[in-house]
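Dropping model_10.pdb in here (PDB, C-alpha atoms, pLDDT in the B column):
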ATOM      1  CA  MET A 437      28.256-109.428 118.311  1.00 53.00           C
ATOM      2  CA  SER A 438      27.836-110.606 114.776  1.00 57.00           C
ATOM      3  CA  TYR A 439      24.722-110.540 112.639  1.00 60.00           C
ATOM      4  CA  PRO A 440      23.901-113.246 110.128  1.00 60.00           C
ATOM      5  CA  ALA A 441      24.410-112.214 106.524  1.00 55.00           C
ATOM      6  CA  PRO A 442      21.162-111.523 104.628  1.00 53.00           C
ATOM      7  CA  PRO A 443      20.262-114.066 102.006  1.00 55.00           C
ATOM      8  CA  PHE A 444      21.665-113.185  98.594  1.00 54.00           C
ATOM      9  CA  GLY A 445      19.222-111.447  96.269  1.00 53.00           C
ATOM     10  CA  ASN A 446      16.329-111.728  98.689  1.00 54.00           C
ATOM     11  CA  PRO A 447      16.216-109.001 101.358  1.00 54.00           C
ATOM     12  CA  GLY A 448      12.719-109.922 102.446  1.00 53.00           C
ATOM     13  CA  GLY A 449      13.615-113.502 103.322  1.00 53.00           C
ATOM     14  CA  GLY A 450      11.615-116.526 102.328  1.00 58.00           C
ATOM     15  CA  GLY A 451      11.896-118.528  99.164  1.00 65.00           C
ATOM     16  CA  ALA A 452      10.546-116.012  96.657  1.00 72.00           C
ATOM     17  CA  ILE A 453      12.956-114.315  94.270  1.00 72.00           C
ATOM     18  CA  TYR A 454      13.286-110.601  94.911  1.00 71.00           C
ATOM     19  CA  ASN A 455      11.985-108.388  92.110  1.00 68.00           C
ATOM     20  CA  PRO A 456      13.002-104.727  92.019  1.00 66.00           C
ATOM     21  CA  PRO A 457      10.061-102.292  92.220  1.00 71.00           C
ATOM     22  CA  ILE A 458      10.470-101.183  88.609  1.00 74.00           C
ATOM     23  CA  ALA A 459       8.958-102.561  85.438  1.00 81.00           C
ATOM     24  CA  SER A 460      12.296-103.753  84.143  1.00 83.00           C
ATOM     25  CA  LYS A 461      10.703-105.727  81.311  1.00 87.00           C
ATOM     26  CA  TRP A 462       8.886-102.649  80.039  1.00 89.00           C
ATOM     27  CA  ILE A 463      11.997-100.487  80.310  1.00 90.00           C
ATOM     28  CA  PHE A 464      13.900-103.058  78.282  1.00 90.00           C
ATOM     29  CA  THR A 465      11.055-103.184  75.740  1.00 92.00           C
ATOM     30  CA  GLY A 466      11.026 -99.390  75.471  1.00 92.00           C
ATOM     31  CA  LEU A 467      14.768 -99.353  74.827  1.00 93.00           C
ATOM     32  CA  ILE A 468      14.350-101.878  71.997  1.00 94.00           C
ATOM     33  CA  VAL A 469      11.592 -99.755  70.444  1.00 93.00           C
ATOM     34  CA  PHE A 470      13.753 -96.654  70.771  1.00 93.00           C
ATOM     35  CA  ALA A 471      16.638 -98.454  69.052  1.00 93.00           C
ATOM     36  CA  GLY A 472      14.279 -99.322  66.206  1.00 91.00           C
ATOM     37  CA  ALA A 473      13.045 -95.722  65.964  1.00 91.00           C
ATOM     38  CA  VAL A 474      16.588 -94.404  65.466  1.00 90.00           C
ATOM     39  CA  ALA A 475      17.722 -97.216  63.164  1.00 88.00           C
ATOM     40  CA  ASP A 476      18.906 -94.678  60.582  1.00 85.00           C
ATOM     41  CA  ARG A 477      21.582 -93.448  63.055  1.00 87.00           C
ATOM     42  CA  TRP A 478      23.132 -96.880  63.445  1.00 87.00           C
ATOM     43  CA  ASN A 479      26.433 -97.958  61.988  1.00 86.00           C
ATOM     44  CA  PRO A 480      25.692 -99.297  58.472  1.00 85.00           C
ATOM     45  CA  ASN A 481      27.763-102.411  59.190  1.00 88.00           C
ATOM     46  CA  VAL A 482      25.570-103.276  62.166  1.00 89.00           C
ATOM     47  CA  ARG A 483      22.459-102.782  60.041  1.00 88.00           C
ATOM     48  CA  LYS A 484      23.908-105.012  57.337  1.00 88.00           C
ATOM     49  CA  ALA A 485      24.650-107.707  59.929  1.00 90.00           C
ATOM     50  CA  ILE A 486      21.033-107.660  61.116  1.00 90.00           C
ATOM     51  CA  VAL A 487      19.580-107.646  57.585  1.00 87.00           C
ATOM     52  CA  HIS A 488      21.883-110.515  56.594  1.00 88.00           C
ATOM     53  CA  PRO A 489      19.876-113.785  56.458  1.00 88.00           C
ATOM     54  CA  ILE A 490      21.689-115.236  59.468  1.00 91.00           C
ATOM     55  CA  GLY A 491      21.261-112.067  61.521  1.00 90.00           C
ATOM     56  CA  PHE A 492      17.639-111.828  60.418  1.00 89.00           C
ATOM     57  CA  PHE A 493      17.035-115.417  61.498  1.00 90.00           C
ATOM     58  CA  LEU A 494      18.733-114.949  64.879  1.00 92.00           C
ATOM     59  CA  THR A 495      16.815-111.739  65.598  1.00 91.00           C
ATOM     60  CA  ALA A 496      13.544-113.419  64.685  1.00 89.00           C
ATOM     61  CA  LEU A 497      14.564-116.292  66.962  1.00 90.00           C
ATOM     62  CA  CYS A 498      14.988-113.795  69.816  1.00 92.00           C
ATOM     63  CA  ALA A 499      11.474-112.502  69.126  1.00 90.00           C
ATOM     64  CA  ILE A 500      10.044-116.017  69.192  1.00 90.00           C
ATOM     65  CA  SER A 501      11.908-116.741  72.431  1.00 91.00           C
ATOM     66  CA  ALA A 502      10.533-113.588  74.047  1.00 90.00           C
ATOM     67  CA  TYR A 503       7.040-114.657  72.991  1.00 90.00           C
ATOM     68  CA  GLN A 504       7.529-118.155  74.385  1.00 90.00           C
ATOM     69  CA  LEU A 505       8.826-116.696  77.663  1.00 90.00           C
ATOM     70  CA  GLY A 506       5.415-115.118  78.160  1.00 88.00           C
ATOM     71  CA  PHE A 507       6.035-111.449  77.340  1.00 89.00           C
ATOM     72  CA  PRO A 508       4.608-110.688  73.851  1.00 90.00           C
ATOM     73  CA  PRO A 509       5.373-106.910  73.980  1.00 92.00           C
ATOM     74  CA  ALA A 510       9.113-107.661  73.950  1.00 92.00           C
ATOM     75  CA  ALA A 511       8.620-109.998  70.995  1.00 92.00           C
ATOM     76  CA  PHE A 512       6.790-107.310  69.027  1.00 93.00           C
ATOM     77  CA  ALA A 513       9.388-104.730  70.022  1.00 94.00           C
ATOM     78  CA  ILE A 514      12.107-106.953  68.532  1.00 93.00           C
ATOM     79  CA  LEU A 515      10.035-107.427  65.364  1.00 93.00           C
ATOM     80  CA  PHE A 516       9.549-103.652  65.158  1.00 93.00           C
ATOM     81  CA  LEU A 517      13.309-103.213  65.486  1.00 93.00           C
ATOM     82  CA  LEU A 518      13.932-105.791  62.779  1.00 91.00           C
ATOM     83  CA  LEU A 519      11.494-104.239  60.307  1.00 90.00           C
ATOM     84  CA  SER A 520      12.747-100.715  61.013  1.00 90.00           C
ATOM     85  CA  VAL A 521      16.337-101.747  60.336  1.00 91.00           C
ATOM     86  CA  TRP A 522      15.270-103.548  57.158  1.00 89.00           C
ATOM     87  CA  ALA A 523      13.246-100.557  55.898  1.00 86.00           C
ATOM     88  CA  THR A 524      16.109 -98.157  56.656  1.00 85.00           C
ATOM     89  CA  THR A 525      18.642-100.354  54.879  1.00 85.00           C
ATOM     90  CA  MET A 526      16.425-100.761  51.826  1.00 79.00           C
ATOM     91  CA  SER A 527      15.744 -97.013  51.622  1.00 74.00           C
ATOM     92  CA  ASN A 528      19.507 -96.368  51.702  1.00 65.00           C
ATOM     93  CA  TYR A 529      20.023 -98.849  48.861  1.00 61.00           C
ATOM     94  CA  THR A 530      17.640 -96.952  46.605  1.00 53.00           C
ATOM     95  CA  GLU A 531      18.982 -93.535  47.592  1.00 52.00           C
ATOM     96  CA  GLY A 532      19.841 -91.443  44.553  1.00 54.00           C
ATOM     97  CA  PHE A 533      17.165 -92.836  42.263  1.00 53.00           C
ATOM     98  CA  LEU A 534      14.121 -90.804  41.395  1.00 54.00           C
ATOM     99  CA  ASN A 535      10.801 -91.897  42.806  1.00 53.00           C
ATOM    100  CA  GLY A 536       8.464 -93.278  40.203  1.00 53.00           C
ATOM    101  CA  ALA A 537      11.159 -93.868  37.573  1.00 57.00           C
ATOM    102  CA  SER A 538      11.774 -97.396  36.335  1.00 63.00           C
ATOM    103  CA  VAL A 539      14.965 -98.911  37.723  1.00 65.00           C
ATOM    104  CA  ASP A 540      16.711-102.019  36.394  1.00 71.00           C
ATOM    105  CA  TRP A 541      18.505-103.916  39.140  1.00 71.00           C
ATOM    106  CA  VAL A 542      21.958-105.241  38.309  1.00 73.00           C
ATOM    107  CA  THR A 543      21.699-108.963  38.918  1.00 71.00           C
ATOM    108  CA  ASN A 544      24.866-110.356  37.301  1.00 71.00           C
ATOM    109  CA  GLY A 545      28.380-109.885  38.645  1.00 72.00           C
ATOM    110  CA  LYS A 546      30.009-108.985  35.317  1.00 76.00           C
ATOM    111  CA  ARG A 547      31.063-105.361  35.257  1.00 77.00           C
ATOM    112  CA  TRP A 548      31.942-102.993  32.440  1.00 80.00           C
ATOM    113  CA  TRP A 549      35.590-101.955  32.000  1.00 81.00           C
ATOM    114  CA  VAL A 550      34.829 -98.429  33.215  1.00 80.00           C
ATOM    115  CA  GLU A 551      33.194 -99.821  36.352  1.00 80.00           C
ATOM    116  CA  GLU A 552      36.219-102.014  37.055  1.00 79.00           C
ATOM    117  CA  VAL A 553      38.648 -99.134  36.590  1.00 79.00           C
ATOM    118  CA  LEU A 554      36.611 -96.768  38.767  1.00 77.00           C
ATOM    119  CA  LYS A 555      35.918 -99.607  41.259  1.00 73.00           C
ATOM    120  CA  GLU A 556      32.175 -99.071  40.995  1.00 74.00           C
ATOM    121  CA  ARG A 557      29.598-101.660  41.907  1.00 74.00           C
ATOM    122  CA  PRO A 558      26.271-100.313  40.634  1.00 74.00           C
ATOM    123  CA  LEU A 559      23.153-101.647  42.310  1.00 72.00           C
ATOM    124  CA  ALA A 560      20.736-100.453  39.650  1.00 72.00           C
ATOM    125  CA  ILE A 561      20.511 -98.504  36.424  1.00 71.00           C
ATOM    126  CA  GLN A 562      17.961 -95.788  35.919  1.00 66.00           C
ATOM    127  CA  ASP A 563      18.939 -94.211  32.589  1.00 66.00           C
ATOM    128  CA  LYS A 564      19.625 -96.862  29.966  1.00 65.00           C
ATOM    129  CA  ASP A 565      19.243 -94.691  26.863  1.00 67.00           C
ATOM    130  CA  VAL A 566      21.869 -92.084  26.030  1.00 68.00           C
ATOM    131  CA  ALA A 567      20.959 -89.352  23.521  1.00 71.00           C
ATOM    132  CA  THR A 568      23.787 -88.502  21.120  1.00 76.00           C
ATOM    133  CA  TYR A 569      23.825 -85.758  18.514  1.00 76.00           C
ATOM    134  CA  PRO A 570      26.075 -85.092  15.512  1.00 79.00           C
ATOM    135  CA  VAL A 571      28.770 -82.467  15.865  1.00 79.00           C
ATOM    136  CA  GLU A 572      27.630 -79.188  14.368  1.00 74.00           C
ATOM    137  CA  GLY A 573      29.397 -76.029  13.267  1.00 70.00           C
ATOM    138  CA  THR A 574      32.565 -77.554  11.812  1.00 61.00           C
TER     139      THR A 574
ATOM    140  CA  MET B 351     -20.167-108.373  67.408  1.00 61.00           C
ATOM    141  CA  GLU B 352     -17.187-108.697  69.712  1.00 73.00           C
ATOM    142  CA  TYR B 353     -14.818-105.879  70.475  1.00 74.00           C
ATOM    143  CA  ASP B 354     -11.801-107.688  68.991  1.00 73.00           C
ATOM    144  CA  THR B 355     -13.660-108.269  65.730  1.00 74.00           C
ATOM    145  CA  LEU B 356     -14.559-104.600  65.449  1.00 76.00           C
ATOM    146  CA  VAL B 357     -10.994-103.487  66.110  1.00 76.00           C
ATOM    147  CA  SER B 358      -9.664-106.050  63.614  1.00 75.00           C
ATOM    148  CA  ALA B 359     -12.061-104.771  60.950  1.00 75.00           C
ATOM    149  CA  ALA B 360     -10.993-101.186  61.639  1.00 78.00           C
ATOM    150  CA  LEU B 361      -7.315-102.088  61.409  1.00 76.00           C
ATOM    151  CA  ILE B 362      -7.834-103.936  58.135  1.00 74.00           C
ATOM    152  CA  ALA B 363      -9.686-100.886  56.792  1.00 74.00           C
ATOM    153  CA  VAL B 364      -6.644 -98.780  57.656  1.00 75.00           C
ATOM    154  CA  LEU B 365      -4.460-101.395  55.984  1.00 71.00           C
ATOM    155  CA  LEU B 366      -6.499-101.113  52.799  1.00 68.00           C
ATOM    156  CA  TYR B 367      -6.305 -97.339  52.955  1.00 68.00           C
ATOM    157  CA  PHE B 368      -2.508 -97.600  52.943  1.00 64.00           C
ATOM    158  CA  SER B 369      -2.657-100.052  50.039  1.00 63.00           C
ATOM    159  CA  LEU B 370      -5.065 -98.549  47.559  1.00 57.00           C
ATOM    160  CA  ASP B 371      -3.359 -95.290  46.717  1.00 54.00           C
ATOM    161  CA  PHE B 372      -1.742 -96.339  43.475  1.00 49.00           C
ATOM    162  CA  ASN B 373       0.436 -93.598  42.100  1.00 55.00           C
ATOM    163  CA  LYS B 374       1.617 -91.409  44.945  1.00 56.00           C
ATOM    164  CA  HIS B 375       2.422 -91.336  48.650  1.00 57.00           C
ATOM    165  CA  TYR B 376      -0.683 -91.838  50.759  1.00 61.00           C
ATOM    166  CA  SER B 377      -0.225 -88.471  52.366  1.00 65.00           C
ATOM    167  CA  PRO B 378       2.680 -85.998  52.460  1.00 70.00           C
ATOM    168  CA  MET B 379       2.069 -85.469  56.161  1.00 76.00           C
ATOM    169  CA  PHE B 380       2.151 -89.213  56.946  1.00 74.00           C
ATOM    170  CA  HIS B 381       5.166 -89.649  54.704  1.00 75.00           C
ATOM    171  CA  GLY B 382       7.052 -86.879  56.507  1.00 79.00           C
ATOM    172  CA  ALA B 383       6.029 -88.163  59.924  1.00 83.00           C
ATOM    173  CA  ALA B 384       7.355 -91.622  59.084  1.00 82.00           C
ATOM    174  CA  ARG B 385      10.858 -90.101  58.841  1.00 83.00           C
ATOM    175  CA  HIS B 386      10.666 -88.600  62.312  1.00 87.00           C
ATOM    176  CA  PRO B 387      12.241 -90.778  65.062  1.00 89.00           C
ATOM    177  CA  PHE B 388       9.790 -89.670  67.738  1.00 92.00           C
ATOM    178  CA  MET B 389       6.794 -90.628  65.621  1.00 91.00           C
ATOM    179  CA  ARG B 390       8.387 -93.985  64.905  1.00 92.00           C
ATOM    180  CA  PHE B 391       8.985 -94.463  68.624  1.00 93.00           C
ATOM    181  CA  LEU B 392       5.336 -93.694  69.363  1.00 93.00           C
ATOM    182  CA  ALA B 393       4.222 -96.165  66.704  1.00 93.00           C
ATOM    183  CA  GLY B 394       6.451 -98.903  68.147  1.00 93.00           C
ATOM    184  CA  LEU B 395       5.180 -98.150  71.625  1.00 93.00           C
ATOM    185  CA  VAL B 396       1.577 -98.471  70.437  1.00 92.00           C
ATOM    186  CA  VAL B 397       2.404-101.866  68.937  1.00 93.00           C
ATOM    187  CA  THR B 398       3.913-103.119  72.203  1.00 93.00           C
ATOM    188  CA  LEU B 399       1.024-101.784  74.297  1.00 92.00           C
ATOM    189  CA  ILE B 400      -1.489-103.534  72.035  1.00 91.00           C
ATOM    190  CA  ALA B 401       0.654-106.692  72.208  1.00 91.00           C
ATOM    191  CA  ALA B 402       0.155-106.720  75.974  1.00 90.00           C
ATOM    192  CA  GLN B 403      -3.606-106.985  75.348  1.00 89.00           C
ATOM    193  CA  ASN B 404      -3.975-108.996  72.159  1.00 87.00           C
ATOM    194  CA  PRO B 405      -1.083-110.365  70.053  1.00 88.00           C
ATOM    195  CA  LEU B 406      -3.276-110.802  66.954  1.00 86.00           C
ATOM    196  CA  LEU B 407      -4.271-107.146  66.888  1.00 87.00           C
ATOM    197  CA  ALA B 408      -0.645-106.247  67.551  1.00 90.00           C
ATOM    198  CA  ALA B 409       0.405-108.270  64.509  1.00 89.00           C
ATOM    199  CA  ILE B 410      -2.018-106.350  62.274  1.00 85.00           C
ATOM    200  CA  THR B 411      -0.868-103.066  63.796  1.00 88.00           C
ATOM    201  CA  LEU B 412       2.758-104.025  63.205  1.00 90.00           C
ATOM    202  CA  VAL B 413       2.015-104.630  59.516  1.00 86.00           C
ATOM    203  CA  ILE B 414       0.328-101.221  59.260  1.00 84.00           C
ATOM    204  CA  VAL B 415       3.248 -99.504  60.992  1.00 88.00           C
ATOM    205  CA  PHE B 416       5.694-101.288  58.727  1.00 85.00           C
ATOM    206  CA  PHE B 417       3.783-100.187  55.612  1.00 80.00           C
ATOM    207  CA  TRP B 418       3.761 -96.659  56.985  1.00 82.00           C
ATOM    208  CA  ILE B 419       7.516 -96.573  57.656  1.00 83.00           C
ATOM    209  CA  ALA B 420       8.581 -98.381  54.483  1.00 78.00           C
ATOM    210  CA  ASP B 421       6.025 -96.482  52.357  1.00 72.00           C
ATOM    211  CA  ILE B 422       4.770 -99.713  50.825  1.00 69.00           C
ATOM    212  CA  HIS B 423       1.718 -99.837  48.593  1.00 64.00           C
ATOM    213  CA  LEU B 424       0.489-103.377  48.168  1.00 61.00           C
ATOM    214  CA  LEU B 425      -1.182-102.949  44.806  1.00 53.00           C
ATOM    215  CA  SER B 426       0.740-100.049  43.336  1.00 52.00           C
ATOM    216  CA  SER B 427       3.097-102.282  41.343  1.00 50.00           C
ATOM    217  CA  PHE B 428       0.317-104.220  39.658  1.00 51.00           C
ATOM    218  CA  LYS B 429      -2.019-103.175  36.896  1.00 51.00           C
ATOM    219  CA  LEU B 430      -5.551-104.190  37.734  1.00 51.00           C
ATOM    220  CA  SER B 431      -6.633-104.092  34.075  1.00 54.00           C
ATOM    221  CA  PRO B 432      -4.515-104.794  30.968  1.00 53.00           C
ATOM    222  CA  GLN B 433      -3.433-101.678  29.123  1.00 45.00           C
TER     223      GLN B 433
END
Please express what this file holds, its structure, as structure tokens.
Amino acid sequence: MSYPAPPFGNPGGGGAIYNPPIASKWIFTGLIVFAGAVADRWNPNVRKAIVHPIGFFLTALCAISAYQLGFPPAAFAILFLLLSVWATTMSNYTEGFLNGASVDWVTNGKRWWVEEVLKERPLAIQDKDVATYPVEGT
Amino acid sequence: MEYDTLVSAALIAVLLYFSLDFNKHYSPMFHGAARHPFMRFLAGLVVTLIAAQNPLLAAITLVIVFFWIADIHLLSSFKLSPQ
């Protein structure tokens, strides 16, 4: 005696699509928020890819798509993730500089000879003035 | 006055509070909490829960949370009166 195979993905029969009894959308949203909360533990290359204009645009596009699909919490979770990654990346860029001190950002690509030899690429300069004193006691 | 209007006004008041402290962090406790992953997770969760009710309020809340995490002061870089 053989039984007919149950319809795929629909154990209850009928035409409706079977939904599991869990709030899968909310679990997914919570995972996105959690990823944004621990953005400082991510690989820096992944963060750079998201902060890159193309990655930023694509992530924002995902948020807009989630909003258009009718679930705004997921859209805001993606935006939270995006802003957290951006804030973490920017705070790492300014690491090492004193708060409140004036910082001049290096905007041109021309480097000093010492920077080329030491393979340094400074992002900003905090101390521009160097105090020198005459040699004493000779 | 409608409930949404009241909540919007309250959120904007909080936004101004985060913006008007010119020369220092708004609060050492808030500043320290913004570095804690669990507090960030709670803030993100609040944004998503509000988004399920009202996207406009969620947008304002997201701006506040972002200012809190990034430690941004809107007016701190500008002199209101010439020196």
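Atom pair CA of Ala502 (chain A) / CA of Ala408 (chain B) has a distance of 14.9 Å (rounded to one decimal).
Here the question is which of A:Val521, A:Arg483, A:Thr465, A:Val474 gets nearest to Ala499 (chain A) using all atoms listed in the file, and that residue is A:Thr465.
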- Query: Once the ChimeraX specification (/B :<9) & /A has been applied to the shown file, what residues remain in the selection, as number ranges by chain?
  - Reply: A: 465-466, 469-476, 507-513, 515-517, 519-520, 522-524, 526-527, 536
Put a box with edges along x, y and z around all the listed atoms of region 391-407 of chain B, pad it by 4 Å on each side, then give me its centre and sizes in Å, one decimal, as JSON.
{"center_x": 2.4, "center_y": -102.2, "center_z": 71.3, "size_x": 21.3, "size_y": 25.1, "size_z": 17.3}
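In this structure, CA of Leu361 (chain B) sits 16.6 Å away from CA of Phe380 (chain B).
Near region 553-561 of chain A, within 7 Å and counting only C-alpha atoms, sit Val539, Asp540, Trp541, Val542 and Trp549 of chain A; same-chain residues fewer than 4 positions away were not included.
For the pair CA of Tyr503 (chain A) and CA of Phe464 (chain A), the separation is 14.5 Å.
Evaluated on this file, the PyMOL selection byres ((chain B and resi 362) around 12) matches Thr355, Leu356, Val357, Ser358, Ala359, Ala360, Leu361, Ala363, Val364, Leu365, Leu366, Tyr367, Phe368, Ser369, Leu407, Ala409, Ile410, Thr411, Leu412, Val413 and Ile414 of chain B.
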